[in-house]
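Enquirer: Okay, so here is start-v3.txt, and as you'll see once you scroll down, it has compact mmCIF, C-alpha atoms and all ligand atoms.
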```
# COMPACT_ATOMS: atom_id res chain seq x y z
CA MET V 283 -8.28 -33.34 28.78
CA GLN V 284 -6.18 -36.30 27.76
CA THR V 285 -3.34 -37.85 29.66
CA ASP V 286 -0.08 -37.97 27.79
CA ASN V 287 2.85 -40.10 28.69
CA PHE V 288 4.64 -38.84 31.74
CA ASP V 289 7.73 -37.13 30.44
CA GLU V 290 10.96 -36.93 32.40
CA ASP V 291 12.41 -34.44 29.91
CA LEU V 292 10.26 -31.59 31.12
CA LYS V 293 12.63 -30.69 33.98
CA PHE V 294 10.03 -30.70 36.72
CA THR V 295 10.95 -28.52 39.68
CA VAL V 296 9.38 -31.03 42.09
CA GLN V 297 8.74 -34.72 41.67
CA ARG V 298 5.42 -34.86 43.46
CA PRO V 299 2.70 -32.33 44.19
CA PRO V 300 2.10 -30.82 47.64
CA ALA V 301 -0.87 -31.97 49.73
CA TYR V 302 -4.18 -30.29 48.96
CA GLY V 303 -4.46 -26.90 50.58
CA GLU V 304 -0.84 -26.70 51.69
CA LEU V 305 0.80 -23.35 51.00
CA THR V 306 3.97 -24.19 49.05
CA ASP V 307 6.79 -21.77 48.19
CA VAL V 308 7.62 -21.57 44.50
CA LEU V 309 9.64 -18.35 44.45
CA PRO V 310 9.87 -15.42 46.85
CA GLY V 311 6.38 -13.96 47.14
CA LEU V 312 4.74 -16.65 45.00
CA TYR V 313 2.99 -19.65 46.52
CA TRP V 314 1.29 -22.71 45.10
CA VAL V 315 -2.00 -24.04 46.49
CA ARG V 316 -3.24 -27.29 44.99
CA LEU V 317 -6.97 -27.89 45.38
CA PRO V 318 -9.02 -31.07 45.00
CA VAL V 319 -11.50 -31.22 42.12
CA PRO V 320 -14.28 -33.84 42.19
CA LEU V 321 -14.00 -34.52 38.45
CA ARG V 322 -11.97 -36.95 36.39
CA LEU V 323 -9.15 -34.42 36.49
CA ASN V 324 -8.79 -34.44 40.26
CA HIS V 325 -6.98 -31.19 41.07
CA VAL V 326 -6.31 -27.61 40.04
CA ASN V 327 -3.31 -25.42 40.89
CA CYS V 328 -3.86 -21.91 42.18
CA TRP V 329 -1.17 -19.28 42.78
CA LEU V 330 -1.03 -16.81 45.64
CA LEU V 331 1.06 -13.69 45.14
CA ASP V 332 2.20 -11.55 48.04
CA ASN V 333 1.46 -7.89 47.34
CA GLY V 334 2.79 -6.71 50.72
CA PRO V 335 -0.40 -5.27 52.24
CA GLY V 336 -2.47 -8.18 50.88
CA TRP V 337 -2.69 -10.94 48.32
CA THR V 338 -3.57 -11.66 44.73
CA LEU V 339 -4.95 -15.11 44.04
CA ILE V 340 -4.87 -16.60 40.55
CA ASP V 341 -7.81 -19.00 40.08
CA CYS V 342 -9.75 -20.38 43.01
CA GLY V 343 -11.19 -23.85 42.37
CA MET V 344 -14.77 -25.11 42.46
CA ASN V 345 -17.50 -24.46 44.96
CA THR V 346 -17.18 -27.64 46.96
CA ASP V 347 -17.17 -28.09 50.73
CA ASP V 348 -13.54 -29.29 50.59
CA ILE V 349 -12.40 -26.14 48.86
CA PHE V 350 -14.45 -23.94 51.17
CA GLU V 351 -12.65 -25.54 54.12
CA ILE V 352 -9.23 -25.08 52.55
CA TRP V 353 -9.70 -21.36 51.86
CA ASP V 354 -11.38 -20.85 55.21
CA LYS V 355 -8.45 -22.48 57.01
CA LEU V 356 -5.84 -20.53 55.04
CA TRP V 357 -7.57 -17.25 55.65
CA ARG V 358 -8.08 -17.87 59.32
CA GLY V 359 -4.51 -19.07 59.74
CA LEU V 360 -1.57 -18.11 57.61
CA LEU V 361 -3.24 -15.37 55.67
CA ARG V 362 -5.23 -13.88 58.53
CA SER V 363 -3.53 -10.58 58.93
CA ARG V 364 -3.59 -9.45 55.31
CA PRO V 365 -6.63 -9.39 53.01
CA LEU V 366 -7.25 -10.98 49.64
CA GLN V 367 -7.10 -7.88 47.46
CA ASN V 368 -7.55 -9.34 44.03
CA LEU V 369 -8.80 -12.53 42.41
CA THR V 370 -7.35 -12.91 38.92
CA LEU V 371 -8.86 -15.60 36.71
CA THR V 372 -7.20 -17.31 33.76
CA HIS V 373 -10.51 -18.48 32.28
CA ALA V 374 -14.07 -19.38 33.17
CA HIS V 375 -13.96 -23.17 33.44
CA ILE V 376 -15.64 -24.28 36.63
CA ASP V 377 -12.52 -25.80 38.20
CA HIS V 378 -10.89 -22.33 37.97
CA ILE V 379 -13.78 -19.91 38.57
CA GLY V 380 -16.43 -21.99 40.41
CA PHE V 381 -15.61 -20.67 43.87
CA ALA V 382 -15.18 -17.04 42.76
CA GLY V 383 -18.65 -15.89 43.81
CA GLN V 384 -18.08 -17.21 47.32
CA LEU V 385 -14.60 -15.68 47.64
CA VAL V 386 -15.86 -12.29 46.53
CA LYS V 387 -18.67 -12.52 49.06
CA GLU V 388 -16.29 -13.49 51.88
CA SER V 389 -13.42 -11.14 51.11
CA ASN V 390 -14.91 -8.39 48.97
CA CYS V 391 -11.86 -8.68 46.73
CA ALA V 392 -11.59 -7.13 43.26
CA VAL V 393 -11.82 -9.49 40.28
CA ARG V 394 -9.82 -9.39 37.06
CA LEU V 395 -10.28 -11.45 33.89
CA PRO V 396 -10.68 -11.07 30.11
CA PHE V 397 -14.10 -9.93 28.90
CA ALA V 398 -14.90 -13.02 26.78
CA GLU V 399 -14.09 -15.21 29.79
CA TRP V 400 -16.48 -13.25 31.98
CA LEU V 401 -19.21 -13.70 29.36
CA ASN V 402 -18.26 -17.35 28.96
CA GLY V 403 -18.56 -17.83 32.72
CA TRP V 404 -22.14 -16.57 32.59
CA MET V 405 -22.93 -18.67 29.52
CA MET V 406 -21.63 -21.82 31.15
CA TRP V 407 -23.44 -21.04 34.38
CA HIS V 408 -26.69 -20.82 32.37
CA GLU V 409 -25.85 -24.03 30.53
CA ARG V 410 -25.35 -25.86 33.82
CA GLU V 411 -28.63 -24.46 35.15
CA GLU V 412 -30.60 -25.34 32.05
CA GLY V 413 -28.95 -28.63 31.15
CA LEU V 414 -28.88 -29.60 27.48
CA THR V 415 -31.35 -27.58 25.43
CA ASP V 416 -33.28 -28.21 22.21
CA GLN V 417 -30.63 -26.19 20.42
CA PHE V 418 -28.00 -28.78 21.41
CA ALA V 419 -30.29 -31.57 20.17
CA SER V 420 -30.74 -29.67 16.92
CA VAL V 421 -26.96 -29.35 16.44
CA MET V 422 -26.55 -33.09 17.02
CA LYS V 423 -29.33 -33.86 14.53
CA ARG V 424 -27.89 -31.58 11.86
CA ASN V 425 -24.62 -33.43 12.44
CA GLY V 426 -26.01 -36.90 11.87
CA ALA V 427 -27.88 -38.04 15.02
CA SER V 428 -31.28 -39.64 14.41
CA ASP V 429 -34.26 -38.31 16.42
CA GLU V 430 -34.03 -41.42 18.63
CA GLU V 431 -30.27 -41.06 19.22
CA ALA V 432 -30.58 -37.38 20.12
CA ALA V 433 -33.54 -38.11 22.41
CA ALA V 434 -31.65 -40.91 24.17
CA ILE V 435 -28.69 -38.62 24.86
CA MET V 436 -30.93 -35.83 26.11
CA ALA V 437 -32.85 -38.24 28.35
CA ALA V 438 -29.66 -39.64 29.86
CA GLN V 439 -28.48 -36.27 31.21
CA ARG V 440 -28.54 -35.63 34.94
CA PRO V 441 -28.32 -32.16 36.46
CA SER V 442 -24.76 -31.21 37.35
CA LYS V 443 -23.96 -31.70 41.03
CA TYR V 444 -21.63 -28.71 40.96
CA LEU V 445 -23.69 -25.92 39.54
CA GLY V 446 -21.25 -23.33 40.68
CA LEU V 447 -22.18 -19.97 41.95
CA ARG V 448 -22.99 -17.13 39.66
CA PRO V 449 -19.78 -15.60 38.34
CA PRO V 450 -18.79 -12.27 39.92
CA ARG V 451 -20.99 -9.45 38.61
CA GLU V 452 -18.23 -6.85 38.62
CA PHE V 453 -14.74 -7.14 37.24
CA THR V 454 -11.78 -5.36 35.68
CA ARG V 455 -11.15 -6.34 32.12
CA ILE V 456 -7.66 -7.49 31.12
CA LYS V 457 -6.51 -7.71 27.52
CA ASP V 458 -3.68 -9.24 25.59
CA GLY V 459 -0.52 -7.19 26.09
CA ASP V 460 -1.67 -5.53 29.31
CA VAL V 461 0.90 -5.42 32.09
CA VAL V 462 -0.41 -6.14 35.59
CA THR V 463 1.51 -5.97 38.85
CA MET V 464 0.99 -8.93 41.17
CA GLY V 465 3.15 -9.96 44.11
CA GLY V 466 5.76 -7.30 43.39
CA ARG V 467 6.36 -8.50 39.84
CA GLU V 468 5.14 -7.21 36.51
CA TRP V 469 3.26 -9.72 34.37
CA ARG V 470 2.36 -9.41 30.70
CA VAL V 471 -1.07 -10.79 29.84
CA ILE V 472 -1.08 -13.28 26.95
CA THR V 473 -4.59 -14.17 25.82
CA ALA V 474 -5.26 -17.09 23.52
CA GLY V 475 -8.18 -19.10 22.17
CA GLY V 476 -8.72 -22.78 21.54
CA HIS V 477 -9.21 -24.14 25.04
CA SER V 478 -11.43 -21.24 26.07
CA PRO V 479 -12.31 -18.09 24.09
CA GLU V 480 -9.94 -15.58 25.70
CA HIS V 481 -7.80 -17.57 28.11
CA ALA V 482 -5.23 -15.46 30.00
CA SER V 483 -1.69 -16.53 30.83
CA PHE V 484 0.73 -14.24 32.68
CA TYR V 485 4.41 -13.86 31.84
CA CYS V 486 7.03 -12.19 34.05
CA ASP V 487 9.89 -11.16 31.79
CA LYS V 488 12.29 -10.24 34.59
CA ASP V 489 12.20 -13.63 36.31
CA LYS V 490 11.11 -15.69 33.27
CA ILE V 491 7.98 -17.17 34.87
CA LEU V 492 4.85 -18.17 32.98
CA ILE V 493 1.61 -18.65 34.90
CA ALA V 494 0.21 -20.72 32.07
CA GLY V 495 -3.35 -21.56 33.15
CA ASP V 496 -4.65 -24.41 31.00
CA GLN V 497 -3.04 -23.21 27.78
CA VAL V 498 0.23 -25.09 28.40
CA LEU V 499 -0.08 -28.05 30.78
CA SER V 500 2.59 -30.49 31.92
CA HIS V 501 1.03 -33.96 31.88
CA ILE V 502 -2.19 -33.57 29.95
CA THR V 503 -3.35 -31.88 26.80
CA PRO V 504 -5.92 -29.09 27.20
CA SER V 505 -9.32 -30.05 25.82
CA VAL V 506 -10.29 -28.33 22.58
CA ILE V 507 -14.04 -28.41 22.07
CA VAL V 508 -16.37 -26.79 19.54
CA PRO V 509 -19.08 -25.07 21.61
CA SER V 510 -22.64 -25.92 20.58
CA ALA V 511 -23.35 -22.18 20.23
CA GLN V 512 -20.85 -22.01 17.32
CA PRO V 513 -20.86 -25.43 15.65
CA ASP V 514 -18.76 -24.25 12.71
CA ALA V 515 -15.99 -22.76 14.87
CA ASN V 516 -12.42 -23.95 14.52
CA PRO V 517 -10.91 -23.82 18.03
CA MET V 518 -8.21 -26.36 17.14
CA LYS V 519 -6.68 -23.82 14.79
CA ASP V 520 -6.91 -21.17 17.53
CA TYR V 521 -5.20 -23.51 19.98
CA LEU V 522 -2.38 -24.56 17.65
CA ASP V 523 -1.86 -20.93 16.58
CA SER V 524 -1.64 -19.94 20.24
CA LEU V 525 1.36 -22.21 20.77
CA ALA V 526 3.43 -19.92 18.54
CA ARG V 527 2.88 -17.11 21.06
CA PHE V 528 4.52 -19.20 23.75
CA GLU V 529 7.36 -20.30 21.49
CA GLU V 530 8.54 -16.69 21.63
CA LEU V 531 9.28 -17.04 25.36
CA PRO V 532 12.75 -18.11 26.54
CA PRO V 533 13.38 -21.87 26.61
CA ASP V 534 14.28 -21.83 30.33
CA THR V 535 11.01 -20.17 31.38
CA LEU V 536 9.56 -21.61 34.59
CA VAL V 537 6.07 -22.79 33.65
CA LEU V 538 3.39 -22.89 36.36
CA PRO V 539 0.47 -24.84 34.86
CA SER V 540 -3.04 -25.10 36.30
CA HIS V 541 -2.86 -28.88 36.27
CA GLY V 542 0.22 -31.05 36.82
CA LEU V 543 3.61 -29.87 38.08
CA PRO V 544 5.81 -26.81 37.47
CA PHE V 545 8.46 -27.43 34.81
CA ARG V 546 11.17 -25.63 32.83
CA ALA V 547 11.30 -27.26 29.39
CA LEU V 548 8.67 -25.02 27.79
CA HIS V 549 9.76 -25.56 24.19
CA THR V 550 9.91 -29.35 24.58
CA ARG V 551 6.38 -29.27 25.94
CA LEU V 552 5.11 -27.01 23.14
CA ARG V 553 6.54 -29.43 20.59
CA GLN V 554 4.87 -32.36 22.37
CA LEU V 555 1.52 -30.55 22.43
CA ARG V 556 1.76 -29.89 18.68
CA GLU V 557 2.74 -33.49 17.97
CA HIS V 558 -0.07 -34.80 20.16
CA HIS V 559 -2.69 -32.79 18.29
CA GLN V 560 -1.19 -33.67 14.94
CA ALA V 561 -1.38 -37.37 15.82
CA ARG V 562 -4.97 -37.00 17.01
CA LEU V 563 -5.89 -35.19 13.79
CA ASP V 564 -4.31 -38.03 11.78
CA ASP V 565 -6.27 -40.59 13.87
CA MET V 566 -9.48 -38.73 13.35
CA ALA V 567 -8.88 -38.41 9.60
CA SER V 568 -8.37 -42.18 9.42
CA PHE V 569 -11.93 -42.71 10.75
CA VAL V 570 -13.40 -40.80 7.83
CA THR V 571 -13.31 -43.46 5.11
CA GLU V 572 -16.56 -42.40 3.42
CA ARG V 573 -19.07 -39.54 3.69
CA THR V 574 -20.00 -39.38 7.36
CA SER V 575 -21.15 -37.07 10.15
CA ALA V 576 -19.63 -35.66 13.30
CA PHE V 577 -22.17 -37.62 15.35
CA ALA V 578 -21.16 -40.92 13.72
CA ILE V 579 -17.49 -40.16 14.35
CA ALA V 580 -18.14 -39.17 17.99
CA GLN V 581 -20.04 -42.41 18.45
CA GLU V 582 -17.17 -44.41 17.01
CA VAL V 583 -14.32 -42.60 18.79
CA PHE V 584 -15.93 -41.65 22.14
CA PRO V 585 -18.86 -44.07 22.59
CA ARG V 586 -18.94 -43.89 26.38
CA VAL V 587 -18.23 -40.18 26.81
CA LEU V 588 -20.87 -39.34 24.20
CA HIS V 589 -23.56 -40.46 26.63
CA GLU V 590 -21.90 -39.25 29.82
CA ASN V 591 -20.73 -35.90 28.55
CA PRO V 592 -22.10 -35.23 25.07
CA ARG V 593 -20.87 -31.64 24.94
CA GLN V 594 -17.33 -32.88 25.35
CA ALA V 595 -17.43 -35.94 23.06
CA PHE V 596 -19.38 -34.29 20.30
CA GLY V 597 -17.50 -31.00 20.62
CA GLU V 598 -14.14 -32.75 20.50
CA ALA V 599 -15.02 -34.79 17.41
CA LEU V 600 -16.24 -31.63 15.71
CA ALA V 601 -13.07 -29.72 16.71
CA HIS V 602 -10.94 -32.26 14.83
CA LEU V 603 -13.27 -32.53 11.84
CA ASN V 604 -13.61 -28.76 11.42
CA MET V 605 -9.83 -28.41 11.56
CA LEU V 606 -9.32 -31.21 9.02
CA ALA V 607 -11.85 -29.54 6.73
CA SER V 608 -10.18 -26.12 7.11
CA THR V 609 -6.81 -27.55 6.06
CA GLY V 610 -8.28 -29.38 3.07
CA ARG V 611 -7.79 -32.89 4.42
CA LEU V 612 -11.55 -33.50 4.41
CA THR V 613 -14.43 -31.84 2.66
CA ARG V 614 -17.29 -30.37 4.69
CA ASP V 615 -20.69 -30.02 3.06
CA VAL V 616 -23.83 -28.34 4.33
CA ASP V 617 -27.08 -29.45 2.71
CA ALA V 618 -28.81 -26.31 1.44
CA THR V 619 -32.27 -27.59 2.32
CA THR V 620 -31.87 -29.47 5.60
CA GLY V 621 -28.71 -27.84 6.97
CA ALA V 622 -27.25 -31.35 7.47
CA VAL V 623 -23.45 -31.22 7.80
CA THR V 624 -21.30 -34.06 6.44
CA PHE V 625 -17.60 -34.72 6.06
CA ALA V 626 -15.90 -36.84 3.39
CA PRO V 627 -12.38 -37.88 2.40
CA VAL V 628 -10.84 -35.69 -0.29
ZN ZN V 701 -9.89 -25.08 31.29
ZN ZN V 702 -8.39 -26.45 34.01
```
Take the structure from the file and write it as structure tokens.

Expert:
Amino acid sequence: MQTDNFDEDLKFTVQRPPAYGELTDVLPGLYWVRLPVPLRLNHVNCWLLDNGPGWTLIDCGMNTDDIFEIWDKLWRGLLRSRPLQNLTLTHAHIDHIGFAGQLVKESNCAVRLPFAEWLNGWMMWHEREEGLTDQFASVMKRNGASDEEAAAIMAAQRPSKYLGLRPPREFTRIKDGDVVTMGGREWRVITAGGHSPEHASFYCDKDKILIAGDQVLSHITPSVIVPSAQPDANPMKDYLDSLARFEELPPDTLVLPSHGLPFRALHTRLRQLREHHQARLDDMASFVTERTSAFAIAQEVFPRVLHENPRQAFGEALAHLNMLASTGRLTRDVDATTGAVTFAPV
């Protein structure tokens, strides 16, 4: 995630966020709960929808003690008399799904998310358990890391403090175009790739509200990372293509993003997100002055992050390079004998 310039043009509905854990009215029957996240991005927004006899919660935060206390307090207090009926998840990143196992255990609620996100949740849970594997080292080496460089990165990794619980074992699958009823409103599911394989956003046509998840954020740009399991994937194309889906929505749509503040200038934001990625692609292209590798570029562009969070730094460099190669701005070559992947200016 990268911080953009704060933009006054986005028509924010509030100027500052509510305190963590405070139940905040957004619209009748729809509440905002902002939760603390112990990562560089320090919060996540969750949405509580009043179904009458109970509640639907969209995303639930990580499994930290702070978040446990917040949900515990809300359920003992304000929400005591009516149960959590359904937990709906936009995608499987740990700041959105990490607490899901605990919530299901406590409340026995039903769970709803897209199939690829459920699988992705399990994959990422295994990745956190295992740490970086030899396969990740092999991808780095095929992309230009020396044995010593790959070994140094592998040796520098520490186990994640926030392993997360296992994702829920049972769920209802939602798909693009499905209509789900939550909090007395009908919401159309819009799934999109790029940030996560099958990220779900929810659009209410009647009241023009978009629960955007991470696909359209207000102050930051969603991260777009090539996963080590598919090093030749092109998620940047998926992400940029996904923006066209949101351009079809009305310009005065109220956007409720998972990070940042609610805003109304959807089309302005979509244009900014496109421009941001275009500028980053141009930057990245300017680093490729001769035949080079994704590892060399990651080292040049993200030297610190490459050691702290190699999946992110390496995956982000590769996301830009694969996109530049797919649009003909760079060439991408795979050595037939060694499998070594290089990029070069056209
Ligand atoms: Zn995310
Ligand atoms: Zn997020």

Enquirer: V:Asp377, V:Asp496, V:Glu572, V:Asp534: which is nearest V:Leu321, counting only C-alpha atoms?

Expert: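 Of the candidates, the smallest distance to V:Leu321 is held by V:Asp377.
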
Enquirer: Give the answer as one residue: which of V:Pro544, V:Lys355, V:Val462, V:Gly403 has the shortest atom-to-atom distance to V:Gln297, using all atoms listed in the file?

Expert: V:Pro544

Enquirer: Using only C-alpha atoms, which residue out of V:Gly426, V:Arg551, V:Leu492, V:Gly476 lies closest to V:Asp523?

Expert: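 The shortest atom-to-atom distance to V:Asp523 comes from V:Gly476.
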
Enquirer: Please give me, as a VMD selection string, the residues lying within 7 Å of ligand ZN 702 (chain V) when counting all atoms listed in the file.

Expert: chain V and resid 326 375 377 to 378 496 540 to 541

Enquirer: Which distance in Å separates atom CA of V:His501 and atom CA of V:Leu606, to one decimal?

Expert: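 Atom CA of V:His501 sits 25.2 Å away from atom CA of V:Leu606.
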
Enquirer: With ligand ZN 701 (chain V) as the partner and 9 Å as the cut-off, tabulate the residues of chain V that qualify, each row holding the nearest pair of atoms and their distance in Å to one decimal, using only C-alpha atoms and all ligand atoms, sorted by chain and rising number, as a Markdown table.

Expert:
```
| residue | atom | partner | partner_atom | distance |
| --- | --- | --- | --- | --- |
| V:Met283 | CA | V:ZN701 | ZN | 8.8 |
| V:Thr372 | CA | V:ZN701 | ZN | 8.6 |
| V:His373 | CA | V:ZN701 | ZN | 6.7 |
| V:Ala374 | CA | V:ZN701 | ZN | 7.3 |
| V:His375 | CA | V:ZN701 | ZN | 5.0 |
| V:Ile376 | CA | V:ZN701 | ZN | 7.9 |
| V:Asp377 | CA | V:ZN701 | ZN | 7.4 |
| V:His378 | CA | V:ZN701 | ZN | 7.3 |
| V:His477 | CA | V:ZN701 | ZN | 6.4 |
| V:Ser478 | CA | V:ZN701 | ZN | 6.7 |
| V:His481 | CA | V:ZN701 | ZN | 8.4 |
| V:Gly495 | CA | V:ZN701 | ZN | 7.7 |
| V:Asp496 | CA | V:ZN701 | ZN | 5.3 |
| V:Gln497 | CA | V:ZN701 | ZN | 7.9 |
| V:Pro504 | CA | V:ZN701 | ZN | 7.0 |
| V:Ser505 | CA | V:ZN701 | ZN | 7.4 |
| V:Ser540 | CA | V:ZN701 | ZN | 8.5 |
```

Enquirer: Please indicate the distance in Å from atom CA of V:Arg586 to atom CA of V:Ala511, rounded to one decimal place.

Expert: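 Atom-to-atom, atom CA of V:Arg586 to atom CA of V:Ala511, that is 23.0 Å.
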
Enquirer: Is there a way to get, as a VMD selection string, all residues within 10 Å of the point (-13.0, -25.3, 48.5) in file coordinates, counting all atoms listed in the file?

Expert: chain V and resid 303 317 to 319 342 to 354 380 to 381 384 to 385

Enquirer: Pick out the residues sitting within 9 Å of V:Arg316, and hand them over as an mmCIF file with C-alpha atoms, in the frame of the given file; count only C-alpha atoms, and ignore anything fewer than 2 positions along from it in its own chain.

Expert:
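Saved to out_28.cif:
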```
data_model
loop_
_atom_site.group_PDB
_atom_site.id
_atom_site.type_symbol
_atom_site.label_atom_id
_atom_site.label_comp_id
_atom_site.auth_asym_id
_atom_site.auth_seq_id
_atom_site.Cartn_x
_atom_site.Cartn_y
_atom_site.Cartn_z
ATOM 1 C CA PRO V 299 2.700 -32.330 44.190
ATOM 2 C CA PRO V 300 2.100 -30.820 47.640
ATOM 3 C CA ALA V 301 -0.870 -31.970 49.730
ATOM 4 C CA TYR V 302 -4.180 -30.290 48.960
ATOM 5 C CA GLY V 303 -4.460 -26.900 50.580
ATOM 6 C CA GLU V 304 -0.840 -26.700 51.690
ATOM 7 C CA LEU V 305 0.800 -23.350 51.000
ATOM 8 C CA THR V 306 3.970 -24.190 49.050
ATOM 9 C CA TRP V 314 1.290 -22.710 45.100
ATOM 10 C CA PRO V 318 -9.020 -31.070 45.000
ATOM 11 C CA HIS V 325 -6.980 -31.190 41.070
ATOM 12 C CA VAL V 326 -6.310 -27.610 40.040
ATOM 13 C CA ASN V 327 -3.310 -25.420 40.890
ATOM 14 C CA CYS V 328 -3.860 -21.910 42.180
ATOM 15 C CA TRP V 329 -1.170 -19.280 42.780
ATOM 16 C CA SER V 540 -3.040 -25.100 36.300
ATOM 17 C CA HIS V 541 -2.860 -28.880 36.270
#
```

Enquirer: What's around V:Lys488 at 12 Å? Count all atoms listed in the file, leave out sequence neighbours fewer than 3 positions away in its own chain, and write the answer as a PyMOL selection string.

Expert: chain V and resi 466-470+485+491-492+531-532+535-536

Enquirer: So how far away is atom CA of V:Ile502 from atom CA of V:Asn425, in Å?

Expert: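 According to the coordinates, atom CA of V:Asn425 and atom CA of V:Ile502 are separated by 28.5 Å.
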
Enquirer: Identify, on the basis of all atoms listed in the file, every residue whose closest approach to stretch 562-566 of chain V does not exceed 9 Å; exclude the query and any residue fewer than 3 positions from it along the same chain; express the result as a VMD selection string.

Expert: chain V and resid 557 to 559 569 to 570 579 583 599 602 to 603 605 to 606

Enquirer: Would you mind telling me which residue in V:Ala434, V:Pro450, V:Gly336, V:Ala398 lies nearest to V:Ala382 when using only C-alpha atoms?

Expert: V:Pro450

Enquirer: When you look at V:Ile456 with a cut-off of 7 Å (counting only C-alpha atoms), what residues show up, excluding the ones that are within fewer than 5 positions of it in the same chain? I need them as a PyMOL selection string.

Expert: chain V and resi 394-396

Enquirer: Quick one: residues within 10 Å of V:Arg440, only C-alpha atoms counted, chain neighbours fewer than 3 positions away excluded, as an mmCIF file with C-alpha atoms, in the frame of the given file?

Expert:
```cif
data_model
loop_
_atom_site.group_PDB
_atom_site.id
_atom_site.type_symbol
_atom_site.label_atom_id
_atom_site.label_comp_id
_atom_site.auth_asym_id
_atom_site.auth_seq_id
_atom_site.Cartn_x
_atom_site.Cartn_y
_atom_site.Cartn_z
ATOM 1 C CA GLY V 413 -28.950 -28.630 31.150
ATOM 2 C CA LEU V 414 -28.880 -29.600 27.480
ATOM 3 C CA MET V 436 -30.930 -35.830 26.110
ATOM 4 C CA ALA V 437 -32.850 -38.240 28.350
ATOM 5 C CA LYS V 443 -23.960 -31.700 41.030
ATOM 6 C CA GLU V 590 -21.900 -39.250 29.820
#
```

Enquirer: Counting all atoms listed in the file, which residues have an atom no more than 9 Å from (-14.0, -23.9, 5.7) in the file's coordinates? Please list them as a ChimeraX atom specification.

Expert: /V:514,516,604-605,607-610,613-614

Enquirer: For the residues in the current selection, export C-alpha atoms as a PDB file, in the coordinates of the input.

Expert:
```
ATOM      1  CA  ASP V 514     -18.760 -24.250  12.710  1.00  0.00           C
ATOM      2  CA  ASN V 516     -12.420 -23.950  14.520  1.00  0.00           C
ATOM      3  CA  ASN V 604     -13.610 -28.760  11.420  1.00  0.00           C
ATOM      4  CA  MET V 605      -9.830 -28.410  11.560  1.00  0.00           C
ATOM      5  CA  ALA V 607     -11.850 -29.540   6.730  1.00  0.00           C
ATOM      6  CA  SER V 608     -10.180 -26.120   7.110  1.00  0.00           C
ATOM      7  CA  THR V 609      -6.810 -27.550   6.060  1.00  0.00           C
ATOM      8  CA  GLY V 610      -8.280 -29.380   3.070  1.00  0.00           C
ATOM      9  CA  THR V 613     -14.430 -31.840   2.660  1.00  0.00           C
ATOM     10  CA  ARG V 614     -17.290 -30.370   4.690  1.00  0.00           C
TER      11      ARG V 614
END
```

Enquirer: Considering all atoms listed in the file, can you say which of V:Ala561, V:Ile472, V:Thr463, V:Ser442 comes closest to V:Pro320?

Expert: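 Of the candidates, the smallest distance to V:Pro320 is held by V:Ser442.
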
Enquirer: Which residue is closest to V:Phe418? Choose from V:Arg593, V:Ile340, V:Ser575, V:Thr295 and count all atoms listed in the file.

Expert: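 Ranking V:Arg593, V:Ile340, V:Ser575, V:Thr295 by distance to V:Phe418, first place goes to V:Arg593.
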
Enquirer: Filtering to N, CA and C atoms, could stretch 537-547 of chain V of the supplied structure be written out as a PDB file, in the first residue's frame?

Expert:
```pdb
ATOM      1  N   VAL V 537     -18.741   5.939  -1.345  1.00  0.00           N
ATOM      2  CA  VAL V 537     -17.762   4.853  -1.303  1.00  0.00           C
ATOM      3  C   VAL V 537     -17.320   4.627   0.142  1.00  0.00           C
ATOM      4  N   LEU V 538     -17.470   3.389   0.602  1.00  0.00           N
ATOM      5  CA  LEU V 538     -17.028   3.016   1.951  1.00  0.00           C
ATOM      6  C   LEU V 538     -15.811   2.107   1.792  1.00  0.00           C
ATOM      7  N   PRO V 539     -14.606   2.663   1.919  1.00  0.00           N
ATOM      8  CA  PRO V 539     -13.395   1.870   1.693  1.00  0.00           C
ATOM      9  C   PRO V 539     -12.925   1.172   2.971  1.00  0.00           C
ATOM     10  N   SER V 540     -12.140   0.125   2.827  1.00  0.00           N
ATOM     11  CA  SER V 540     -11.638  -0.594   4.002  1.00  0.00           C
ATOM     12  C   SER V 540     -10.534   0.157   4.742  1.00  0.00           C
ATOM     13  N   HIS V 541      -9.915   1.087   4.075  1.00  0.00           N
ATOM     14  CA  HIS V 541      -8.898   1.914   4.736  1.00  0.00           C
ATOM     15  C   HIS V 541      -9.152   3.358   4.321  1.00  0.00           C
ATOM     16  N   GLY V 542      -8.975   4.295   5.253  1.00  0.00           N
ATOM     17  CA  GLY V 542      -9.233   5.700   4.935  1.00  0.00           C
ATOM     18  C   GLY V 542     -10.651   6.090   5.319  1.00  0.00           C
ATOM     19  N   LEU V 543     -11.195   7.094   4.640  1.00  0.00           N
ATOM     20  CA  LEU V 543     -12.481   7.681   5.014  1.00  0.00           C
ATOM     21  C   LEU V 543     -13.503   7.524   3.887  1.00  0.00           C
ATOM     22  N   PRO V 544     -14.797   7.442   4.252  1.00  0.00           N
ATOM     23  CA  PRO V 544     -15.845   7.419   3.220  1.00  0.00           C
ATOM     24  C   PRO V 544     -15.796   8.681   2.359  1.00  0.00           C
ATOM     25  N   PHE V 545     -16.087   8.529   1.071  1.00  0.00           N
ATOM     26  CA  PHE V 545     -16.048   9.691   0.170  1.00  0.00           C
ATOM     27  C   PHE V 545     -17.055   9.502  -0.966  1.00  0.00           C
ATOM     28  N   ARG V 546     -17.286  10.595  -1.721  1.00  0.00           N
ATOM     29  CA  ARG V 546     -18.305  10.531  -2.773  1.00  0.00           C
ATOM     30  C   ARG V 546     -17.773  10.725  -4.192  1.00  0.00           C
ATOM     31  N   ALA V 547     -16.532  11.153  -4.336  1.00  0.00           N
ATOM     32  CA  ALA V 547     -16.053  11.426  -5.698  1.00  0.00           C
ATOM     33  C   ALA V 547     -15.394  10.178  -6.288  1.00  0.00           C
TER      34      ALA V 547
END
```
